[in-house]
$ cat target_29.cif   # mmCIF, C-alpha atoms
data_run
loop_
_atom_site.label_atom_id
_atom_site.label_comp_id
_atom_site.auth_asym_id
_atom_site.auth_seq_id
_atom_site.Cartn_x
_atom_site.Cartn_y
_atom_site.Cartn_z
CA MET A 1 18.88 -9.95 10.80
CA ARG A 2 19.00 -9.75 7.00
CA ILE A 3 15.51 -9.65 5.48
CA ALA A 4 14.36 -10.14 1.90
CA LEU A 5 10.97 -8.68 1.04
CA ILE A 6 8.82 -10.59 -1.46
CA GLY A 7 6.06 -8.18 -2.40
CA TYR A 8 6.86 -4.49 -2.15
CA GLY A 9 3.45 -2.87 -2.01
CA LYS A 10 1.97 -1.02 0.95
CA MET A 11 2.57 -3.91 3.35
CA GLY A 12 6.11 -4.42 2.07
CA HIS A 13 6.95 -0.76 2.61
CA MET A 14 5.46 -0.82 6.11
CA ILE A 15 7.37 -4.00 7.00
CA GLU A 16 10.58 -2.39 5.77
CA GLU A 17 9.96 0.66 7.96
CA VAL A 18 9.32 -1.45 11.05
CA ALA A 19 12.27 -3.77 10.33
CA LEU A 20 14.69 -0.86 10.03
CA GLN A 21 13.35 0.66 13.26
CA ARG A 22 14.07 -2.64 15.01
CA GLY A 23 17.67 -2.65 13.77
CA HIS A 24 17.38 -5.12 10.89
CA GLU A 25 18.69 -4.85 7.34
CA VAL A 26 16.60 -5.24 4.19
CA VAL A 27 18.92 -6.87 1.65
CA CYS A 28 16.50 -7.51 -1.23
CA ARG A 29 13.13 -6.26 -2.45
CA ILE A 30 11.31 -8.45 -4.97
CA ASP A 31 8.15 -7.45 -6.81
CA VAL A 32 6.50 -8.44 -10.09
CA GLN A 33 8.99 -6.51 -12.22
CA ASN A 34 12.22 -8.01 -10.81
CA GLN A 35 11.59 -11.74 -10.32
CA ASP A 36 15.15 -12.50 -11.40
CA ASP A 37 16.32 -11.09 -8.07
CA PHE A 38 15.55 -14.44 -6.46
CA ASP A 39 18.99 -15.31 -7.85
CA SER A 40 20.65 -12.09 -6.64
CA PRO A 41 23.45 -11.99 -4.04
CA GLY A 42 21.15 -9.94 -1.80
CA PHE A 43 18.44 -12.60 -1.70
CA LEU A 44 20.97 -15.38 -1.20
CA SER A 45 22.37 -13.51 1.83
CA ALA A 46 18.96 -13.21 3.53
CA ASP A 47 18.28 -14.92 6.84
CA VAL A 48 14.55 -14.87 6.16
CA ALA A 49 12.15 -13.69 3.46
CA ILE A 50 8.88 -11.97 4.39
CA GLU A 51 6.26 -12.68 1.73
CA PHE A 52 3.07 -10.64 1.19
CA THR A 53 1.86 -11.08 -2.38
CA SER A 54 -1.19 -12.80 -3.91
CA PRO A 55 -2.78 -16.25 -3.56
CA SER A 56 -1.66 -17.19 -7.07
CA SER A 57 1.99 -16.30 -6.38
CA ALA A 58 2.63 -17.33 -2.79
CA TYR A 59 3.33 -21.04 -3.27
CA GLY A 60 5.81 -20.38 -6.07
CA ASN A 61 7.50 -17.67 -4.03
CA CYS A 62 7.95 -20.05 -1.11
CA MET A 63 9.36 -22.74 -3.37
CA ARG A 64 11.88 -20.35 -4.94
CA ALA A 65 13.00 -19.21 -1.48
CA PHE A 66 13.33 -22.79 -0.25
CA GLU A 67 15.46 -23.62 -3.30
CA LYS A 68 17.87 -20.93 -2.12
CA GLY A 69 17.85 -22.17 1.46
CA VAL A 70 15.97 -19.10 2.75
CA LYS A 71 13.34 -19.37 5.48
CA VAL A 72 9.96 -17.79 4.73
CA VAL A 73 7.43 -15.79 6.73
CA SER A 74 4.23 -15.56 4.67
CA GLY A 75 1.15 -13.47 5.34
CA THR A 76 -0.54 -14.17 2.03
CA THR A 77 -3.95 -15.78 2.49
CA GLY A 78 -6.06 -17.91 0.18
CA TRP A 79 -3.39 -20.39 -0.92
CA LEU A 80 -2.16 -22.61 1.91
CA SER A 81 -5.23 -24.84 2.13
CA GLN A 82 -4.39 -26.19 -1.34
CA HIS A 83 -0.73 -26.73 -0.53
CA ARG A 84 -0.66 -27.52 3.20
CA GLU A 85 0.35 -31.18 2.82
CA ALA A 86 3.18 -30.26 0.46
CA MET A 87 4.38 -27.50 2.78
CA GLU A 88 4.23 -29.71 5.85
CA GLU A 89 6.28 -32.36 4.04
CA LEU A 90 8.83 -29.78 2.88
CA CYS A 91 9.15 -28.42 6.43
CA ARG A 92 9.27 -31.81 8.13
CA ASP A 93 12.32 -32.37 10.34
CA GLY A 94 13.44 -28.79 9.77
CA LYS A 95 14.39 -29.29 6.11
CA HIS A 96 12.74 -25.95 5.32
CA THR A 97 10.93 -23.39 7.42
CA LEU A 98 7.62 -21.63 6.78
CA PHE A 99 5.97 -19.33 9.31
CA TRP A 100 2.46 -18.71 8.00
CA ALA A 101 -0.36 -16.73 9.56
CA SER A 102 -3.64 -15.39 8.24
CA ASN A 103 -3.04 -12.32 10.41
CA PHE A 104 0.14 -11.17 12.17
CA SER A 105 -1.47 -8.61 14.48
CA VAL A 106 -0.76 -9.07 18.19
CA GLY A 107 -4.29 -7.82 18.85
CA VAL A 108 -5.76 -10.42 16.50
CA ALA A 109 -3.79 -13.14 18.29
CA ILE A 110 -5.43 -12.04 21.55
CA PHE A 111 -8.82 -11.72 19.82
CA SER A 112 -8.41 -15.24 18.46
CA ALA A 113 -7.84 -16.62 21.96
CA VAL A 114 -10.94 -14.78 23.23
CA ASN A 115 -12.93 -16.07 20.25
CA ARG A 116 -12.06 -19.67 20.99
CA TYR A 117 -12.85 -19.31 24.69
CA LEU A 118 -16.17 -17.61 24.04
CA ALA A 119 -17.13 -20.31 21.54
CA ARG A 120 -16.33 -22.95 24.13
CA LEU A 121 -18.71 -21.25 26.58
CA MET A 122 -21.42 -20.88 23.94
CA ASN A 123 -21.46 -24.59 23.23
CA ASP A 124 -23.71 -24.89 26.31
CA PHE A 125 -26.13 -22.14 25.26
CA PRO A 126 -28.06 -23.27 22.15
CA GLN A 127 -30.35 -20.22 22.21
CA TYR A 128 -27.51 -18.18 20.67
CA ASP A 129 -26.91 -18.19 16.91
CA VAL A 130 -23.44 -17.19 15.72
CA LYS A 131 -22.50 -15.10 12.71
CA MET A 132 -19.46 -13.17 11.59
CA SER A 133 -18.62 -10.12 9.49
CA GLU A 134 -15.34 -8.87 8.08
CA THR A 135 -14.52 -5.62 6.27
CA HIS A 136 -11.34 -4.87 4.31
CA HIS A 137 -9.98 -2.47 1.70
CA VAL A 138 -11.02 -2.83 -1.93
CA HIS A 139 -7.58 -4.19 -2.93
CA LYS A 140 -7.94 -7.41 -0.93
CA LEU A 141 -8.35 -10.29 -3.36
CA ASP A 142 -9.74 -13.08 -1.16
CA ALA A 143 -13.13 -13.14 0.53
CA PRO A 144 -13.86 -14.14 3.19
CA SER A 145 -10.53 -13.07 4.66
CA GLY A 146 -8.08 -15.68 5.89
CA THR A 147 -8.52 -14.33 9.41
CA ALA A 148 -12.29 -14.74 9.21
CA LEU A 149 -11.90 -18.32 8.02
CA THR A 150 -9.50 -19.07 10.88
CA LEU A 151 -11.90 -17.57 13.43
CA ALA A 152 -14.82 -19.50 11.91
CA SER A 153 -12.86 -22.74 12.06
CA GLN A 154 -12.22 -22.17 15.76
CA ILE A 155 -15.92 -21.66 16.40
CA GLU A 156 -16.91 -24.72 14.37
CA SER A 157 -14.48 -26.88 16.32
CA GLU A 158 -15.85 -25.69 19.70
CA ILE A 159 -19.64 -25.53 19.13
CA GLU A 160 -21.16 -28.89 18.30
CA ARG A 161 -24.34 -27.47 16.76
CA VAL A 162 -22.46 -25.22 14.30
CA GLU A 163 -21.40 -26.83 11.04
CA ARG A 164 -20.56 -23.64 9.15
CA VAL A 165 -20.36 -20.06 10.40
CA GLU A 166 -22.10 -17.49 8.20
CA ILE A 167 -19.55 -14.83 7.16
CA THR A 168 -20.48 -11.50 5.60
CA SER A 169 -17.62 -9.88 3.63
CA VAL A 170 -17.45 -6.19 2.75
CA ARG A 171 -14.80 -4.49 0.61
CA GLU A 172 -14.66 -0.70 0.87
CA GLY A 173 -12.16 2.14 0.87
CA GLU A 174 -8.81 1.55 2.55
CA VAL A 175 -10.06 -0.28 5.65
CA PRO A 176 -7.10 -2.24 7.17
CA GLY A 177 -9.38 -4.88 8.67
CA ILE A 178 -12.42 -5.24 10.94
CA HIS A 179 -13.59 -8.63 12.24
CA SER A 180 -16.70 -9.14 14.38
CA VAL A 181 -18.26 -12.26 15.85
CA SER A 182 -21.83 -12.02 17.16
CA TYR A 183 -23.97 -14.38 19.24
CA ASP A 184 -27.63 -13.41 18.89
CA SER A 185 -30.63 -14.65 20.86
CA ASP A 186 -34.20 -13.47 21.45
CA ALA A 187 -33.05 -11.83 24.67
CA ASP A 188 -29.76 -10.16 23.71
CA MET A 189 -26.67 -10.18 21.53
CA ILE A 190 -23.00 -10.54 22.43
CA THR A 191 -20.43 -9.16 19.97
CA ILE A 192 -16.63 -9.13 20.01
CA THR A 193 -14.75 -7.00 17.48
CA HIS A 194 -11.18 -6.37 16.42
CA ASP A 195 -10.71 -3.12 14.47
CA ALA A 196 -7.25 -2.49 13.04
CA HIS A 197 -6.31 1.20 12.90
CA SER A 198 -3.51 0.71 10.35
CA ARG A 199 -1.23 -1.86 8.75
CA ARG A 200 1.49 -1.16 11.31
CA GLY A 201 0.27 -3.83 13.72
CA PHE A 202 0.41 -6.46 10.96
CA ALA A 203 3.89 -5.29 9.92
CA LEU A 204 5.21 -5.42 13.48
CA GLY A 205 3.86 -8.94 13.94
CA ALA A 206 5.45 -10.07 10.67
CA VAL A 207 8.86 -8.75 11.74
CA MET A 208 8.45 -10.37 15.17
CA ALA A 209 7.61 -13.64 13.38
CA ALA A 210 10.80 -13.28 11.31
CA GLU A 211 12.82 -12.74 14.48
CA TYR A 212 11.28 -15.91 15.93
CA THR A 213 11.84 -17.87 12.71
CA ILE A 214 15.58 -17.21 12.77
CA GLU A 215 15.86 -19.40 15.87
CA HIS A 216 13.34 -22.10 14.89
CA THR A 217 12.59 -24.51 12.08
CA GLY A 218 9.66 -26.38 10.56
CA MET A 219 6.05 -25.32 10.06
CA LEU A 220 5.39 -22.41 12.40
CA GLY A 221 2.46 -20.14 13.26
CA MET A 222 1.18 -17.52 15.65
CA GLU A 223 0.45 -20.15 18.30
CA ASP A 224 4.23 -20.69 18.48
CA LEU A 225 5.10 -16.99 18.67
CA PHE A 226 2.44 -16.15 21.26
CA LYS A 227 2.35 -19.21 23.49
CA VAL A 228 1.51 -16.95 26.43
CA ILE A 229 -2.02 -16.34 25.13
CA LYS A 230 -2.78 -19.90 24.10
CA ILE A 231 -5.84 -21.27 25.87
CA ASP A 232 -5.33 -24.89 26.86
CA ASN A 233 -8.03 -27.48 26.26
#
$ encode --input "target_29.cif" --output "structure tokens"
Amino acid sequence: MRIALIGYGKMGHMIEEVALQRGHEVVCRIDVQNQDDFDSPGFLSADVAIEFTSPSSAYGNCMRAFEKGVKVVSGTTGWLSQHREAMEELCRDGKHTLFWASNFSVGVAIFSAVNRYLARLMNDFPQYDVKMSETHHVHKLDAPSGTALTLASQIESEIERVERVEITSVREGEVPGIHSVSYDSDADMITITHDAHSRRGFALGAVMAAEYTIEHTGMLGMEDLFKVIKIDN
């Protein structure tokens, strides 16, 4: 598989390392200083572009890739809610392909399934109040994190009494990502936590998403890649 990297910071370098280990080729690396490379032969030869940049750049990056007929895997958070309708229309009937996730970690995909199931159980136990915390490195621009918002949305859709989950965001050091959901009552507290040890798990998931995207079209997400851990209604 020929991969173009859009965003060549720490995540981009880690994705490149994982992609090469899995036998893929990185044909183009685009960052802020070489935006003209969207028109380069390397980018045009890519099977898929993996995009990790900033909320202000992601939509434009996707559009430029689509213009070149290149599928996109995007892990940038904080932008899709404003452009979801446009993206869904662009990806309708396989015209273009966007695989987007707020978090590409396999562990987070499992954690997400557990979160939804636990919330479903807690709908019947009103004595428990729910809250969430998330901690990331100081370079992360959006707060709360996209993963936290996704987890909160799951809870809000499962627990009738919860309109909005309280999320505490912390930015410190080089923390890859910690997400905790707690249910507190007078008697006890139940907490589930996902603690990422490094960016490698996110990078591996992004490359796996790219491998999946090669064979599929449309608007895709982690629920497509990891159908095995999807909890049915």
$ closest_residue --input "target_29.cif" --among "A:Ser74, A:Ser102, A:Ser133, A:Ser56" --to "A:Glu223" --atoms "all atoms listed in the file"
A:Ser102
$ closest_residue --input "target_29.cif" --among "A:Gly218, A:Val27, A:Leu225, A:Ser153" --to "A:Arg92" --atoms "only C-alpha atoms"
A:Gly218
$ closest_residue --input "target_29.cif" --among "A:Thr147, A:Gln35, A:Thr193, A:Asn115" --to "A:Ser180" --atoms "only C-alpha atoms"
A:Thr193
$ atom_distance --input "target_29.cif" --atom1 "atom CA of A:Asp36" --atom2 "atom CA of A:Thr76"
20.7 Å
$ residues_around --input "target_29.cif" --residues "A:Pro126" --least-positions-apart "5" --cutoff "10 Å" --atoms "all atoms listed in the file" --output "list in words"
Ile159, Glu160, Arg161, Val162 and Ser185 of chain A
$ closest_residue --input "target_29.cif" --among "A:Ser81, A:Ser198, A:Ser182, A:Gln154" --to "A:His136" --atoms "all atoms listed in the file"
A:Ser198
$ atom_distance --input "target_29.cif" --atom1 "atom CA of A:Asp31" --atom2 "atom CA of A:Ala143"
23.2 Å
$ closest_residue --input "target_29.cif" --among "A:Lys95, A:Lys71, A:His83, A:Lys227" --to "A:Ser45" --atoms "all atoms listed in the file"
A:Lys71
$ resolve_selection --input "target_29.cif" --expression "the PyMOL selection byres ((chain A and resi 139) around 9)" --output "list in words"
His136, His137, Val138, Lys140, Leu141, Arg171, Glu172, Gly173 and Glu174 of chain A
$ residues_around --input "target_29.cif" --residues "stretch 8-18 of chain A" --least-positions-apart "3" --cutoff "8 Å" --atoms "only C-alpha atoms" --output "list of chain:residue names"
A:Leu5, A:Gln21, A:Arg22, A:Val26, A:Arg29, A:Ile30, A:Asp31, A:Phe52, A:Arg199, A:Arg200, A:Ala203, A:Leu204, A:Ala206, A:Val207
$ residues_around --input "target_29.cif" --residues "A:Lys131" --least-positions-apart "3" --cutoff "7 Å" --atoms "all atoms listed in the file" --output "list in words"
Val165, Glu166, Ile167, Val181, Ser182 and Tyr183 of chain A
$ resolve_selection --input "target_29.cif" --expression "the PyMOL selection byres ((chain A and resi 2) around 7)" --output "ChimeraX atom specification"
/A:1,3-4,24-27,46-48
$ closest_residue --input "target_29.cif" --among "A:Thr97, A:Ser57, A:Ser40, A:Ser105" --to "A:Met222" --atoms "only C-alpha atoms"
A:Ser105
$ atom_distance --input "target_29.cif" --atom1 "atom CA of A:Asp184" --atom2 "atom CA of A:Asp124"
14.2 Å
$ resolve_selection --input "target_29.cif" --expression "the PyMOL selection byres ((chain A and resi 94) around 12)" --output "JSON, numbers by chain"
{"A": [66, 69, 71, 87, 88, 89, 90, 91, 92, 93, 95, 96, 97, 98, 213, 215, 216, 217, 218, 219, 220]}
$ residues_around --input "target_29.cif" --residues "A:Pro144" --least-positions-apart "2" --cutoff "9 Å" --atoms "only C-alpha atoms" --output "list in words"
Ser133, Glu134, Asp142, Gly146, Thr147, Ala148, Leu149, Ile167, Thr168, Ser169 and Val170 of chain A
$ residues_around --input "target_29.cif" --residues "A:Phe226" --least-positions-apart "5" --cutoff "12 Å" --atoms "all atoms listed in the file" --output "ChimeraX atom specification"
/A:104-110,112-113,205,208-209,212,220-221,231
$ write_last_selection --input "target_29.cif" --atoms "C-alpha atoms" --output "compact mmCIF listing (two decimals), in the coordinates of the input"
# COMPACT_ATOMS: atom_id res chain seq x y z
CA PHE A 104 0.14 -11.17 12.17
CA SER A 105 -1.47 -8.61 14.48
CA VAL A 106 -0.76 -9.07 18.19
CA GLY A 107 -4.29 -7.82 18.85
CA VAL A 108 -5.76 -10.42 16.50
CA ALA A 109 -3.79 -13.14 18.29
CA ILE A 110 -5.43 -12.04 21.55
CA SER A 112 -8.41 -15.24 18.46
CA ALA A 113 -7.84 -16.62 21.96
CA GLY A 205 3.86 -8.94 13.94
CA MET A 208 8.45 -10.37 15.17
CA ALA A 209 7.61 -13.64 13.38
CA TYR A 212 11.28 -15.91 15.93
CA LEU A 220 5.39 -22.41 12.40
CA GLY A 221 2.46 -20.14 13.26
CA ILE A 231 -5.84 -21.27 25.87
$ axis_aligned_box --input "target_29.cif" --around "stretch 21-26 of chain A" --padding-each-side "5 Å" --output "lines of an AutoDock Vina configuration file"
center_x = 16.0
center_y = -2.3
center_z = 9.6
size_x = 15.3
size_y = 15.9
size_z = 20.8
$ decode --input "target_29.cif" --residues "stretch 104-181 of chain A" --atoms "C-alpha atoms" --output "PDB file, in the first residue's frame"
ATOM      1  CA  PHE A 104      -7.594   4.795  16.548  1.00  0.00           C
ATOM      2  CA  SER A 105      -6.441   2.709  19.512  1.00  0.00           C
ATOM      3  CA  VAL A 106      -7.653  -0.897  19.539  1.00  0.00           C
ATOM      4  CA  GLY A 107      -7.850  -0.626  23.326  1.00  0.00           C
ATOM      5  CA  VAL A 108     -10.041   2.471  23.084  1.00  0.00           C
ATOM      6  CA  ALA A 109     -12.347   0.647  20.671  1.00  0.00           C
ATOM      7  CA  ILE A 110     -12.788  -2.073  23.306  1.00  0.00           C
ATOM      8  CA  PHE A 111     -13.121   0.552  26.058  1.00  0.00           C
ATOM      9  CA  SER A 112     -15.799   2.297  24.007  1.00  0.00           C
ATOM     10  CA  ALA A 113     -17.825  -0.910  23.752  1.00  0.00           C
ATOM     11  CA  VAL A 114     -17.527  -1.444  27.525  1.00  0.00           C
ATOM     12  CA  ASN A 115     -18.520   2.187  28.123  1.00  0.00           C
ATOM     13  CA  ARG A 116     -21.700   1.840  26.102  1.00  0.00           C
ATOM     14  CA  TYR A 117     -22.649  -1.434  27.785  1.00  0.00           C
ATOM     15  CA  LEU A 118     -22.016  -0.081  31.269  1.00  0.00           C
ATOM     16  CA  ALA A 119     -24.081   3.017  30.506  1.00  0.00           C
ATOM     17  CA  ARG A 120     -26.920   0.800  29.346  1.00  0.00           C
ATOM     18  CA  LEU A 121     -26.838  -1.034  32.680  1.00  0.00           C
ATOM     19  CA  MET A 122     -26.655   2.220  34.647  1.00  0.00           C
ATOM     20  CA  ASN A 123     -29.831   3.527  33.067  1.00  0.00           C
ATOM     21  CA  ASP A 124     -31.681   1.407  35.655  1.00  0.00           C
ATOM     22  CA  PHE A 125     -29.702   2.672  38.657  1.00  0.00           C
ATOM     23  CA  PRO A 126     -30.495   6.376  39.230  1.00  0.00           C
ATOM     24  CA  GLN A 127     -28.502   6.519  42.480  1.00  0.00           C
ATOM     25  CA  TYR A 128     -25.306   6.717  40.396  1.00  0.00           C
ATOM     26  CA  ASP A 129     -24.084  10.039  38.998  1.00  0.00           C
ATOM     27  CA  VAL A 130     -21.722   9.901  36.025  1.00  0.00           C
ATOM     28  CA  LYS A 131     -18.696  12.060  35.321  1.00  0.00           C
ATOM     29  CA  MET A 132     -15.646  11.818  33.107  1.00  0.00           C
ATOM     30  CA  SER A 133     -12.040  12.995  33.078  1.00  0.00           C
ATOM     31  CA  GLU A 134      -9.450  13.079  30.325  1.00  0.00           C
ATOM     32  CA  THR A 135      -5.740  13.948  30.450  1.00  0.00           C
ATOM     33  CA  HIS A 136      -3.483  14.658  27.463  1.00  0.00           C
ATOM     34  CA  HIS A 137      -0.159  16.255  26.592  1.00  0.00           C
ATOM     35  CA  VAL A 138       0.176  20.035  26.557  1.00  0.00           C
ATOM     36  CA  HIS A 139       0.351  20.123  22.731  1.00  0.00           C
ATOM     37  CA  LYS A 140      -3.230  18.920  22.249  1.00  0.00           C
ATOM     38  CA  LEU A 141      -5.304  21.813  20.932  1.00  0.00           C
ATOM     39  CA  ASP A 142      -8.886  20.675  21.582  1.00  0.00           C
ATOM     40  CA  ALA A 143     -10.505  20.165  24.965  1.00  0.00           C
ATOM     41  CA  PRO A 144     -12.382  18.077  25.828  1.00  0.00           C
ATOM     42  CA  SER A 145     -10.738  15.486  23.611  1.00  0.00           C
ATOM     43  CA  GLY A 146     -12.630  14.011  20.690  1.00  0.00           C
ATOM     44  CA  THR A 147     -12.523  10.627  22.403  1.00  0.00           C
ATOM     45  CA  ALA A 148     -14.071  12.063  25.560  1.00  0.00           C
ATOM     46  CA  LEU A 149     -16.855  13.674  23.539  1.00  0.00           C
ATOM     47  CA  THR A 150     -17.532  10.377  21.760  1.00  0.00           C
ATOM     48  CA  LEU A 151     -17.669   8.487  25.063  1.00  0.00           C
ATOM     49  CA  ALA A 152     -19.939  11.155  26.567  1.00  0.00           C
ATOM     50  CA  SER A 153     -22.275  10.954  23.582  1.00  0.00           C
ATOM     51  CA  GLN A 154     -22.570   7.197  24.078  1.00  0.00           C
ATOM     52  CA  ILE A 155     -23.492   7.674  27.726  1.00  0.00           C
ATOM     53  CA  GLU A 156     -26.021  10.408  26.951  1.00  0.00           C
ATOM     54  CA  SER A 157     -27.717   8.187  24.382  1.00  0.00           C
ATOM     55  CA  GLU A 158     -28.021   5.263  26.833  1.00  0.00           C
ATOM     56  CA  ILE A 159     -28.956   6.950  30.145  1.00  0.00           C
ATOM     57  CA  GLU A 160     -32.267   8.772  29.997  1.00  0.00           C
ATOM     58  CA  ARG A 161     -31.596  10.971  33.038  1.00  0.00           C
ATOM     59  CA  VAL A 162     -28.268  12.290  31.690  1.00  0.00           C
ATOM     60  CA  GLU A 163     -28.481  15.282  29.368  1.00  0.00           C
ATOM     61  CA  ARG A 164     -24.807  16.238  29.437  1.00  0.00           C
ATOM     62  CA  VAL A 165     -21.850  14.399  30.947  1.00  0.00           C
ATOM     63  CA  GLU A 166     -19.487  16.552  33.003  1.00  0.00           C
ATOM     64  CA  ILE A 167     -15.964  16.277  31.536  1.00  0.00           C
ATOM     65  CA  THR A 168     -12.822  17.452  33.312  1.00  0.00           C
ATOM     66  CA  SER A 169      -9.887  18.115  30.946  1.00  0.00           C
ATOM     67  CA  VAL A 170      -6.252  18.250  32.037  1.00  0.00           C
ATOM     68  CA  ARG A 171      -3.252  19.135  29.858  1.00  0.00           C
ATOM     69  CA  GLU A 172       0.140  18.202  31.277  1.00  0.00           C
ATOM     70  CA  GLY A 173       3.533  16.931  30.160  1.00  0.00           C
ATOM     71  CA  GLU A 174       3.625  14.417  27.319  1.00  0.00           C
ATOM     72  CA  VAL A 175       0.708  12.221  28.424  1.00  0.00           C
ATOM     73  CA  PRO A 176      -0.515  10.207  25.367  1.00  0.00           C
ATOM     74  CA  GLY A 177      -4.053   9.975  26.707  1.00  0.00           C
ATOM     75  CA  ILE A 178      -6.004   8.863  29.783  1.00  0.00           C
ATOM     76  CA  HIS A 179      -9.811   8.599  29.803  1.00  0.00           C
ATOM     77  CA  SER A 180     -11.866   7.664  32.862  1.00  0.00           C
ATOM     78  CA  VAL A 181     -15.608   7.306  33.364  1.00  0.00           C
TER      79      VAL A 181
END
